[in-house]
Amino acid sequence: MRNLDYAPEKDKLPLASETYFLYAPLAHRLGFYNIKSEMEDLAVKYLEPEQYNYVDSRLKQTTASRNRLIREFSAPLSEKLDRQGFKYTIKSRTKSIHSIM
């Protein structure tokens, strides 16, 4: 899927569909969630290119504001957890393009 840009045009849609309907669900059932998300995103890139490009561009446009929001949200939590002496890690992630669509 990562090299599908270089495949012949006639092969792109069948490979994307096969990945979306067969391999991504299989990866999910096997517990390979990162691989599943990447396969779904890459498949959607070819199956729904307009929607994919729109969501991708919006995610890129809002990166700074999302990061700022996460910092502002987690700062009070960090302060309270520090005062209590907890050892912790605060993690965040952006939803995959497929899950947004």
# chains A, B, ... in the order shown; residues from 1 in each chain; ligands from 1

call {"tool": "residues_around", "arguments": {"residues": "Ile100 (chain A)", "least_positions_apart": "6", "cutoff": "12 Å", "atoms": "only C-alpha atoms", "output": "count of residues only"}}
result
12

call {"tool": "closest_residue", "arguments": {"among": "A:Leu81, A:Ala75, A:Leu69, A:Ala16", "to": "Lys45 (chain A)", "atoms": "only C-alpha atoms"}}
result
A:Ala16

call {"tool": "select_by_dssp", "arguments": {"residues": "region 2-100 of chain A", "states": "alpha helix (DSSP H)", "output": "VMD selection string"}}
result
chain A and resid 9 to 18 24 to 30 33 to 47 49 to 61 63 to 84 97 to 100

call {"tool": "atom_distance", "arguments": {"atom1": "CA of Arg2 (chain A)", "atom2": "CA of Glu48 (chain A)"}}
result
16.3 Å

call {"tool": "residues_around", "arguments": {"residues": "region 85-93 of chain A", "least_positions_apart": "4", "cutoff": "9 Å", "atoms": "only C-alpha atoms", "output": "list in words"}}
result
Ile70, Ser74, Ser78, Lys80 and Leu81 of chain A
